[in-house]
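Chemist: Structure below; questions to follow.
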Protein chains: 2
Amino acid sequence: EQVAKLLEMKAAICPEEGKQKFVLKTPKGARDYNPKQMAIREKVFNIIVSCFKRHGAETIDTPVFELKETLTGKYGEDSKLIYDLKDQGGELLSLRYDLTVPFARYLAMNKISNIKRYHIAKVYRRDNPAMTRGRYREFYQCDFDIAGQYDPMIPDAECLKIVHEILSALQLGDFLIKVNDRRILDGLFAVCGVPDSKFRTICSTVDKLDKITWEDVKSEMVGEKGLSPEVADRIGEYVQLHGGLGLIEELLQDPKLSQNKLAREGLGDMKLLFEYLVLFGISAQISFDLSLARGLDYYTGVIYEAVLLQPQNDHTEESVGVGSVAGGGRYDGLVGMFDPKGRKVPCVGVSIGIERIFSIMEQKAEASEEKVRTTETQVLVASAQKKLLDERLKLVSELWDSGIKAEMLYKKNPKLLNQLQYCEETGIPLVAILGEQELKDGVVKLRDVTTREEVDICRGNLMEEIKRRTCLS
Amino acid sequence: EQVAKLLEMKAAICPEEGKQKFVLKTPKGARDYNPKQMAIREKVFNIIVSCFKRHGAETIDTPVFELKETLTGKYGEDSKLIYDLKDQGGELLSLRYDLTVPFARYLAMNKISNIKRYHIAKVYRRDNPAMTRGRYREFYQCDFDIAGQYDPMIPDAECLKIVHEILSALQLGDFLIKVNDRRILDGLFAVCGVPDSKFRTICSTVDKLDKITWEDVKSEMVGEKGLSPEVADRIGEYVQLHGGLGLIEELLQDPKLSQNKLAREGLGDMKLLFEYLVLFGISAQISFDLSLARGLDYYTGVIYEAVLLQPQNDHTEESVGVGSVAGGGRYDGLVGMFDPKGRKVPCVGVSIGIERIFSIMEQKAEASEEKVRTTETQVLVASAQKKLLDERLKLVSELWDSGIKAEMLYKKNPKLLNQLQYCEETGIPLVAILGEQELKDGVVKLRDVTTREEVDICRGNLMEEIKRRTCLS
């Protein structure tokens, strides 16, 4: 504290010295989006938002920070990754870690018992960033959630349908959505002989099966988590299973598992879910996978995670590891944690992990020849001779006022060549050229940048002609 | 720190007790946006973004936090309002205070010497909130800036044109854009006898003229800032002036002011600016106002501020005080503060203060009879009898897949009346009703919610019919 003050004072006294030491960068794990990246981001968001709207969702927004205690006790071991704000007097605040806990807080605070909403916003985690693989400390989440007491598995199936629609629309290649249920996991832990108190921690270990081998998972269970090798082996028999309706039927007949009430409930609902997924025509991309466990504490029922199956880009090794691009599940207890009377609001939702998708789309855009336009300008107002600034200002203003996207160079006397070059660089398709002769004749020379064709257009017809031409392309 | 840990431990041991003390709220000065507010927000953003795009702007995004030192020394006295993050090891971070300083950091870091960009994002100020008047600690700014070395006043005039277009499109009633120039202010301070070192602090005092009387401003100048009454009176003669081209001409002839180089430059540019504003057809809403000073340190030339002239809502007194809804100016030195070699990039920009506009629009929406829809659903898939869940799931899925915005109730056997009621509550215009008979006949009963008319439509023509009907409305 005192050191910081002294350094600040020093910087104030010797600004030159301070300037030299200053590092020009964004904070660790955070990044700027340049206009090209923003164009891609807009495209991705449009696809996602139009899907959410197609499913009748409303949208809400919450502050970037919450009272620290709102986040306390919601994230298990991950709580250490929460960004806290400095105590500057007043309330203790933290940056949001996800959009789910703020959503639950919002529902409890406003006593809302049912809503279907989406929320697209940045969340913050003091994790180890791996920026080339799309892992940041500040990153977007696109969440869709259905809150309310409804008949089983109908909203759950819709969440999976949404993931399927979005991943298909984004054209990222083949994908698989793994599905499991916390009740099935808890049931199988029970019948395998795991003590109740170790359910959640064994869950985290199981969740690593997509990254490390069963042998390594087993040795963590036995070595770090203190299970006996026999118990671990019994778990191993189950969690390496994956399949569809057939596997569900099989497990419903399993002599041990079928004795457990939780597992039976979970498997019954899983069967129902798969029947709905068949009706939705998406069951081919869904796998009932007993190794899926998900990290967060708050899930209580169905859980799921979508993974991209193929590397998007063969010449970089990084892209193989893109992994999970969406995940979610049912969390029926979270809202109750906030409600003063503990009233529960059952919820199910999904979060699309946009940053990894951005990375893939950016790589694609770079690899392709196509030039990404970062503006939508339809016409540049240009002049062929000097001293026509006033005329250009008047024309560009008329264009703006009739809703046409127009630009002009901010120079008194720009050269025609420079004006045409600007159009080629930025992808502006049309140029409206003013000259002494055109002004006398009451016309504007309209030039097509690609074909270089020029036609004189009556000043009165110009807007219409520009609209007609840019509507076609 | 220790106390916090103990409290956390206690909460973990006795969760019930912890729960009772927990306050369910958003942080001071921050708020949630509910779906209705989001619908208004979307409408306002669409108007603003389409204006920015009409003027050929690209967009960028920057992190919500910056290195603390990036913000140091940029905001003068307001620096105390910056939110700092807790030191959790690693870099010292602060939440952004505006979008201008991050923009300048971005330009310097990426060595960009010209760009026209907009940026819409939340900024953070630990100010005293007045939420009923749209003053928050977390609030949106919509910034448009032009960076680059250009001929004088052309980009500056475009910024004013943009403010004019946006305020007109938002239909908030009459407005006035006040314009001044820091060089004119500095020049007049000099000729009035203010010592150089007091220019900035006298600027802040002058800036209060829109809220307090000249007498109070004068007494602050003399009492707090230590000017002699004579100097203050000389300033008073100037800063109470406002007008148009006529006033500019007059001041250019002013025997004292015309002797000062800075003032002469400022007045010359102001004249040019007004000529351009006349060509843009917006000079009637612009006032050259010598009392406008703006709070921030970094302005170097033209400055401006837009105010709404009429109360929007006669029956609340609050709405009279809406005040400034946009502001900005030229800051030619800011990028140079970040550049290791001090290279300058001249910039001019404007920031639209959206929260005040939201407040007005929300009040308007509440006052009007019109119901704001928060979803875009075109059709509800409903059933007239029981046991048709599977058929509803199949139909709604077909609709989604052909791009139609559709919903169904998440119940196995909903009553028809409840389904129709849901449409009336949420504004869904059409219902596609399935029944045993319809399924046999291969049709769907399409019902118009407002007119209650029902027609049987061939299943194969349903999508087209829905699109046709919802396109018309």
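Every chain in the structure tokens has a letter given in the order shown (A, B, ...), and although residue numbers restart at 1 in each chain, ligands are simply numbered from 1 in the order shown.
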Set the cut-off to 7 Å and count only C-alpha atoms: what are the residues of chain B that reach chain A? Output as a PyMOL selection string.
Modeler: chain B and resi 20+24-27+30-35+38+53-63+66-67+84-86+109+150-151+154-155+279-280+340+374-377+393-394+397+400+404-407+410-412
Chemist: Fewer than 5 positions away in the same chain doesn't count, so skip those; otherwise give me all residues within 10 Å of A:Asn418, counting only C-alpha atoms, as a ChimeraX atom specification.
Modeler: /A:382,409,423-424
Chemist: Excluding A:Leu241 and its own-chain neighbours fewer than 2 positions away, which residues fall within 8 Å of it when counting only C-alpha atoms? Please give them as a VMD selection string.
Modeler: chain A and resid 237 to 239 243 289 to 291
Chemist: Could you tell me which of A:Glu453, A:Asp127, A:Glu224, A:Asp145 comes closest to A:Ile202 if we count only C-alpha atoms?
Modeler: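 Closest candidate: A:Glu224.
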Chemist: For B:Val191, please output as a short mmCIF file (atom, residue, chain, number, x, y, z; two decimals) with N, CA, C and O atoms, in the first residue's frame all residues within 9 Å (counting only C-alpha atoms; exclusion window: fewer than 5 positions along the same chain).
Modeler:
```
data_model
loop_
_atom_site.label_atom_id
_atom_site.label_comp_id
_atom_site.auth_asym_id
_atom_site.auth_seq_id
_atom_site.Cartn_x
_atom_site.Cartn_y
_atom_site.Cartn_z
N ASP B 186 -9.10 28.55 -22.68
CA ASP B 186 -7.75 28.85 -22.18
C ASP B 186 -7.32 30.26 -22.59
O ASP B 186 -6.72 30.99 -21.80
N ARG B 234 -14.21 39.58 -15.12
CA ARG B 234 -13.83 39.60 -16.54
C ARG B 234 -14.22 38.26 -17.19
O ARG B 234 -14.74 38.24 -18.30
N LYS B 256 -9.47 42.26 -26.94
CA LYS B 256 -8.59 41.49 -26.06
C LYS B 256 -8.39 40.07 -26.58
O LYS B 256 -7.27 39.59 -26.76
N LEU B 257 -9.50 39.37 -26.82
CA LEU B 257 -9.45 37.95 -27.16
C LEU B 257 -8.68 37.71 -28.46
O LEU B 257 -7.94 36.73 -28.59
N GLN B 259 -6.20 39.06 -29.52
CA GLN B 259 -4.75 39.15 -29.34
C GLN B 259 -4.14 37.80 -28.93
O GLN B 259 -2.94 37.60 -29.04
N ASN B 260 -5.00 36.88 -28.42
CA ASN B 260 -4.49 35.62 -27.91
C ASN B 260 -4.50 34.56 -29.02
O ASN B 260 -5.51 34.30 -29.65
#
```
Chemist: Enumerate, as number ranges by chain, the complete set of residues in stretch 100-228 of chain A that a backbone-based DSSP assignment places in helix (DSSP H, G or I).
Modeler: A: 100-109, 131-133, 154-169, 182-192, 196-210, 214-223
Chemist: Give the answer as one residue: which of B:Lys387, B:Val179, B:Asp233, B:Gly301 has the shortest atom-to-atom distance to B:Ser283, using only C-alpha atoms?
Modeler: B:Val179
Chemist: Applying 10 Å and only C-alpha atoms, which residues near A:Ile120 remain after dropping the ones on its own chain fewer than 2 positions away? List them as a list in words.
Modeler: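 Result of the neighbour search: Phe45, Ile48, Val49, Thr59, Ile60, Asp61, Leu99, Tyr118, Lys122, Val123, Tyr140, Gln141, Cys142, Asp143, Phe144, Ser351, Ile352 and Ile354 of chain A.
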Chemist: Find the residues near A:Met221: any atom within 10 Å, counting only C-alpha atoms, skip ones fewer than 4 places away on the same chain, and give them as a PyMOL selection string.
Modeler: chain A and resi 201-202+205-206+215-217+225-229+231-233
Chemist: From stretch 98-219 of chain B, collect each residue whose DSSP state is strand (DSSP E or B) and return the set as a PyMOL selection string.
Modeler: chain B and resi 115-124+130+135+138-147+175-181
Chemist: Save the residues we just selected, N, CA and C atoms, as an mmCIF file, in the first residue's frame?
Modeler:
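Generated file (part_20.cif):
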```
data_model
loop_
_atom_site.group_PDB
_atom_site.id
_atom_site.type_symbol
_atom_site.label_atom_id
_atom_site.label_comp_id
_atom_site.auth_asym_id
_atom_site.auth_seq_id
_atom_site.Cartn_x
_atom_site.Cartn_y
_atom_site.Cartn_z
ATOM 1 N N ILE B 115 -8.539 5.391 -37.545
ATOM 2 C CA ILE B 115 -9.658 4.449 -37.449
ATOM 3 C C ILE B 115 -10.905 5.248 -37.077
ATOM 4 N N LYS B 116 -12.043 4.759 -37.542
ATOM 5 C CA LYS B 116 -13.340 5.318 -37.135
ATOM 6 C C LYS B 116 -14.060 4.156 -36.483
ATOM 7 N N ARG B 117 -14.250 4.205 -35.165
ATOM 8 C CA ARG B 117 -14.806 3.027 -34.498
ATOM 9 C C ARG B 117 -15.900 3.425 -33.501
ATOM 10 N N TYR B 118 -16.809 2.480 -33.251
ATOM 11 C CA TYR B 118 -17.731 2.674 -32.138
ATOM 12 C C TYR B 118 -17.520 1.567 -31.130
ATOM 13 N N HIS B 119 -17.938 1.832 -29.908
ATOM 14 C CA HIS B 119 -17.756 0.861 -28.827
ATOM 15 C C HIS B 119 -18.911 1.080 -27.848
ATOM 16 N N ILE B 120 -19.690 0.052 -27.648
ATOM 17 C CA ILE B 120 -20.804 0.123 -26.701
ATOM 18 C C ILE B 120 -20.513 -0.845 -25.578
ATOM 19 N N ALA B 121 -20.364 -0.340 -24.369
ATOM 20 C CA ALA B 121 -20.010 -1.219 -23.251
ATOM 21 C C ALA B 121 -20.270 -0.497 -21.942
ATOM 22 N N LYS B 122 -20.226 -1.271 -20.848
ATOM 23 C CA LYS B 122 -20.454 -0.691 -19.533
ATOM 24 C C LYS B 122 -19.171 -0.116 -18.959
ATOM 25 N N VAL B 123 -19.310 0.996 -18.224
ATOM 26 C CA VAL B 123 -18.176 1.586 -17.519
ATOM 27 C C VAL B 123 -18.561 1.726 -16.042
ATOM 28 N N TYR B 124 -17.559 2.018 -15.203
ATOM 29 C CA TYR B 124 -17.754 1.900 -13.753
ATOM 30 C C TYR B 124 -17.229 3.117 -13.009
ATOM 31 N N ALA B 130 -27.888 8.068 -8.287
ATOM 32 C CA ALA B 130 -29.232 8.649 -8.191
ATOM 33 C C ALA B 130 -30.044 7.907 -9.229
ATOM 34 N N ARG B 135 -28.739 7.756 -12.897
ATOM 35 C CA ARG B 135 -27.318 7.816 -12.557
ATOM 36 C C ARG B 135 -26.925 6.556 -11.795
ATOM 37 N N GLU B 138 -22.673 1.424 -12.413
ATOM 38 C CA GLU B 138 -22.386 0.629 -13.615
ATOM 39 C C GLU B 138 -23.329 1.132 -14.681
ATOM 40 N N PHE B 139 -22.788 1.648 -15.783
ATOM 41 C CA PHE B 139 -23.687 2.183 -16.810
ATOM 42 C C PHE B 139 -23.056 2.084 -18.187
ATOM 43 N N TYR B 140 -23.938 2.114 -19.177
ATOM 44 C CA TYR B 140 -23.492 1.989 -20.555
ATOM 45 C C TYR B 140 -22.964 3.288 -21.111
ATOM 46 N N GLN B 141 -21.947 3.192 -21.943
ATOM 47 C CA GLN B 141 -21.582 4.307 -22.809
ATOM 48 C C GLN B 141 -21.596 3.810 -24.243
ATOM 49 N N CYS B 142 -22.021 4.674 -25.161
ATOM 50 C CA CYS B 142 -22.015 4.357 -26.583
ATOM 51 C C CYS B 142 -21.110 5.377 -27.238
ATOM 52 N N ASP B 143 -19.905 4.952 -27.537
ATOM 53 C CA ASP B 143 -18.890 5.894 -28.015
ATOM 54 C C ASP B 143 -18.634 5.748 -29.505
ATOM 55 N N PHE B 144 -18.467 6.886 -30.156
ATOM 56 C CA PHE B 144 -18.055 6.935 -31.563
ATOM 57 C C PHE B 144 -16.857 7.869 -31.629
ATOM 58 N N ASP B 145 -15.763 7.431 -32.197
ATOM 59 C CA ASP B 145 -14.565 8.269 -32.268
ATOM 60 C C ASP B 145 -13.902 8.156 -33.626
ATOM 61 N N ILE B 146 -13.300 9.265 -34.043
ATOM 62 C CA ILE B 146 -12.533 9.292 -35.283
ATOM 63 C C ILE B 146 -11.101 9.646 -34.927
ATOM 64 N N ALA B 147 -10.180 8.720 -35.178
ATOM 65 C CA ALA B 147 -8.767 8.970 -34.911
ATOM 66 C C ALA B 147 -8.046 9.161 -36.228
ATOM 67 N N PHE B 175 -33.963 19.232 -28.455
ATOM 68 C CA PHE B 175 -32.661 19.156 -27.790
ATOM 69 C C PHE B 175 -31.764 20.269 -28.310
ATOM 70 N N LEU B 176 -30.702 20.513 -27.565
ATOM 71 C CA LEU B 176 -29.744 21.543 -27.946
ATOM 72 C C LEU B 176 -28.347 20.966 -27.761
ATOM 73 N N ILE B 177 -27.476 21.222 -28.731
ATOM 74 C CA ILE B 177 -26.094 20.775 -28.575
ATOM 75 C C ILE B 177 -25.220 22.014 -28.349
ATOM 76 N N LYS B 178 -24.646 22.087 -27.139
ATOM 77 C CA LYS B 178 -23.758 23.198 -26.824
ATOM 78 C C LYS B 178 -22.347 22.867 -27.282
ATOM 79 N N VAL B 179 -21.676 23.878 -27.868
ATOM 80 C CA VAL B 179 -20.330 23.663 -28.382
ATOM 81 C C VAL B 179 -19.407 24.745 -27.836
ATOM 82 N N ASN B 180 -18.184 24.359 -27.518
ATOM 83 C CA ASN B 180 -17.163 25.330 -27.140
ATOM 84 C C ASN B 180 -15.816 24.754 -27.538
ATOM 85 N N ASP B 181 -14.738 25.393 -27.167
ATOM 86 C CA ASP B 181 -13.412 24.904 -27.507
ATOM 87 C C ASP B 181 -12.473 25.197 -26.336
#
```
Chemist: At what distance in Å, to one decimal, does atom CA of A:Ile166 lie from atom CA of A:Arg125?
Modeler: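 Calculated distance between atom CA of A:Arg125 and atom CA of A:Ile166 is 25.0 Å.
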Chemist: Neighbours of A:Tyr75 within 10 Å (only C-alpha atoms; same-chain residues fewer than 4 positions away dropped), as a list in words?
Modeler: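 Using only C-alpha atoms, the neighbours found are Leu71, Ser79, Lys80, Leu81, Ile82, Tyr97, Asp98, Val101, Gly295, Leu296, Asp297 and Tyr298 of chain A.
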Chemist: Any chance you can output those residues with all heavy atoms as a short mmCIF file (atom, residue, chain, number, x, y, z; two decimals), in the first residue's frame?
Modeler:
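Ended up saving to selection17.cif:
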```cif
data_model
loop_
_atom_site.label_atom_id
_atom_site.label_comp_id
_atom_site.auth_asym_id
_atom_site.auth_seq_id
_atom_site.Cartn_x
_atom_site.Cartn_y
_atom_site.Cartn_z
N LEU A 71 -21.85 -15.06 -4.21
CA LEU A 71 -21.09 -16.11 -4.91
C LEU A 71 -20.53 -17.16 -3.95
O LEU A 71 -20.14 -18.24 -4.38
CB LEU A 71 -19.95 -15.49 -5.71
CG LEU A 71 -20.31 -14.36 -6.69
CD1 LEU A 71 -19.12 -14.03 -7.57
CD2 LEU A 71 -21.49 -14.75 -7.57
N SER A 79 -13.94 -21.73 -6.21
CA SER A 79 -14.15 -20.42 -5.60
C SER A 79 -12.86 -19.60 -5.54
O SER A 79 -12.90 -18.37 -5.57
CB SER A 79 -14.68 -20.58 -4.17
OG SER A 79 -15.95 -21.17 -4.21
N LYS A 80 -11.73 -20.26 -5.50
CA LYS A 80 -10.45 -19.53 -5.43
C LYS A 80 -10.17 -18.76 -6.71
O LYS A 80 -9.30 -17.90 -6.77
CB LYS A 80 -9.30 -20.49 -5.12
CG LYS A 80 -9.06 -21.55 -6.17
CD LYS A 80 -7.86 -22.43 -5.81
CE LYS A 80 -7.54 -23.42 -6.92
NZ LYS A 80 -8.64 -24.38 -7.20
N LEU A 81 -10.92 -19.06 -7.76
CA LEU A 81 -10.70 -18.39 -9.05
C LEU A 81 -11.52 -17.10 -9.20
O LEU A 81 -11.46 -16.43 -10.21
CB LEU A 81 -11.05 -19.34 -10.20
CG LEU A 81 -10.28 -20.67 -10.23
CD1 LEU A 81 -10.72 -21.51 -11.42
CD2 LEU A 81 -8.77 -20.44 -10.29
N ILE A 82 -12.32 -16.79 -8.17
CA ILE A 82 -13.18 -15.60 -8.25
C ILE A 82 -12.33 -14.32 -8.09
O ILE A 82 -11.45 -14.25 -7.24
CB ILE A 82 -14.27 -15.65 -7.16
CG1 ILE A 82 -15.24 -16.81 -7.46
CG2 ILE A 82 -15.02 -14.33 -7.04
CD1 ILE A 82 -16.26 -17.06 -6.37
N TYR A 97 -18.71 -15.09 -11.80
CA TYR A 97 -17.92 -16.24 -12.21
C TYR A 97 -18.62 -17.00 -13.33
O TYR A 97 -18.01 -17.66 -14.15
CB TYR A 97 -17.73 -17.14 -10.99
CG TYR A 97 -16.91 -18.37 -11.23
CD1 TYR A 97 -15.52 -18.31 -11.17
CD2 TYR A 97 -17.51 -19.59 -11.52
CE1 TYR A 97 -14.75 -19.44 -11.39
CE2 TYR A 97 -16.75 -20.72 -11.74
CZ TYR A 97 -15.37 -20.64 -11.68
OH TYR A 97 -14.61 -21.76 -11.90
N ASP A 98 -19.94 -16.89 -13.34
CA ASP A 98 -20.75 -17.45 -14.42
C ASP A 98 -22.05 -16.64 -14.47
O ASP A 98 -22.20 -15.67 -13.73
CB ASP A 98 -21.02 -18.95 -14.21
CG ASP A 98 -21.87 -19.25 -12.97
OD1 ASP A 98 -22.37 -18.30 -12.33
OD2 ASP A 98 -22.04 -20.43 -12.65
N VAL A 101 -25.39 -18.36 -11.40
CA VAL A 101 -25.62 -17.91 -10.02
C VAL A 101 -26.31 -16.53 -10.02
O VAL A 101 -27.30 -16.34 -9.29
CB VAL A 101 -24.32 -17.95 -9.21
CG1 VAL A 101 -24.47 -17.22 -7.88
CG2 VAL A 101 -23.91 -19.41 -8.97
N GLY A 295 -17.97 -30.21 -13.61
CA GLY A 295 -17.25 -29.75 -12.43
C GLY A 295 -18.11 -29.13 -11.33
O GLY A 295 -17.86 -29.34 -10.15
N LEU A 296 -19.13 -28.34 -11.72
CA LEU A 296 -19.79 -27.50 -10.72
C LEU A 296 -20.66 -28.27 -9.74
O LEU A 296 -21.24 -29.30 -10.06
CB LEU A 296 -20.62 -26.43 -11.43
CG LEU A 296 -19.76 -25.43 -12.20
CD1 LEU A 296 -20.62 -24.51 -13.04
CD2 LEU A 296 -18.89 -24.62 -11.25
N ASP A 297 -20.75 -27.72 -8.54
CA ASP A 297 -21.47 -28.38 -7.44
C ASP A 297 -22.98 -28.39 -7.62
O ASP A 297 -23.67 -29.27 -7.12
CB ASP A 297 -21.18 -27.64 -6.13
CG ASP A 297 -19.94 -28.20 -5.45
OD1 ASP A 297 -19.26 -29.04 -6.09
OD2 ASP A 297 -19.66 -27.80 -4.31
N TYR A 298 -23.53 -27.38 -8.32
CA TYR A 298 -24.96 -27.14 -8.18
C TYR A 298 -25.89 -28.03 -9.01
O TYR A 298 -27.10 -27.97 -8.87
CB TYR A 298 -25.31 -25.66 -8.36
CG TYR A 298 -24.74 -24.95 -9.59
CD1 TYR A 298 -25.06 -25.35 -10.87
CD2 TYR A 298 -23.88 -23.85 -9.43
CE1 TYR A 298 -24.56 -24.68 -11.97
CE2 TYR A 298 -23.37 -23.18 -10.53
CZ TYR A 298 -23.72 -23.59 -11.79
OH TYR A 298 -23.22 -22.91 -12.86
#
```
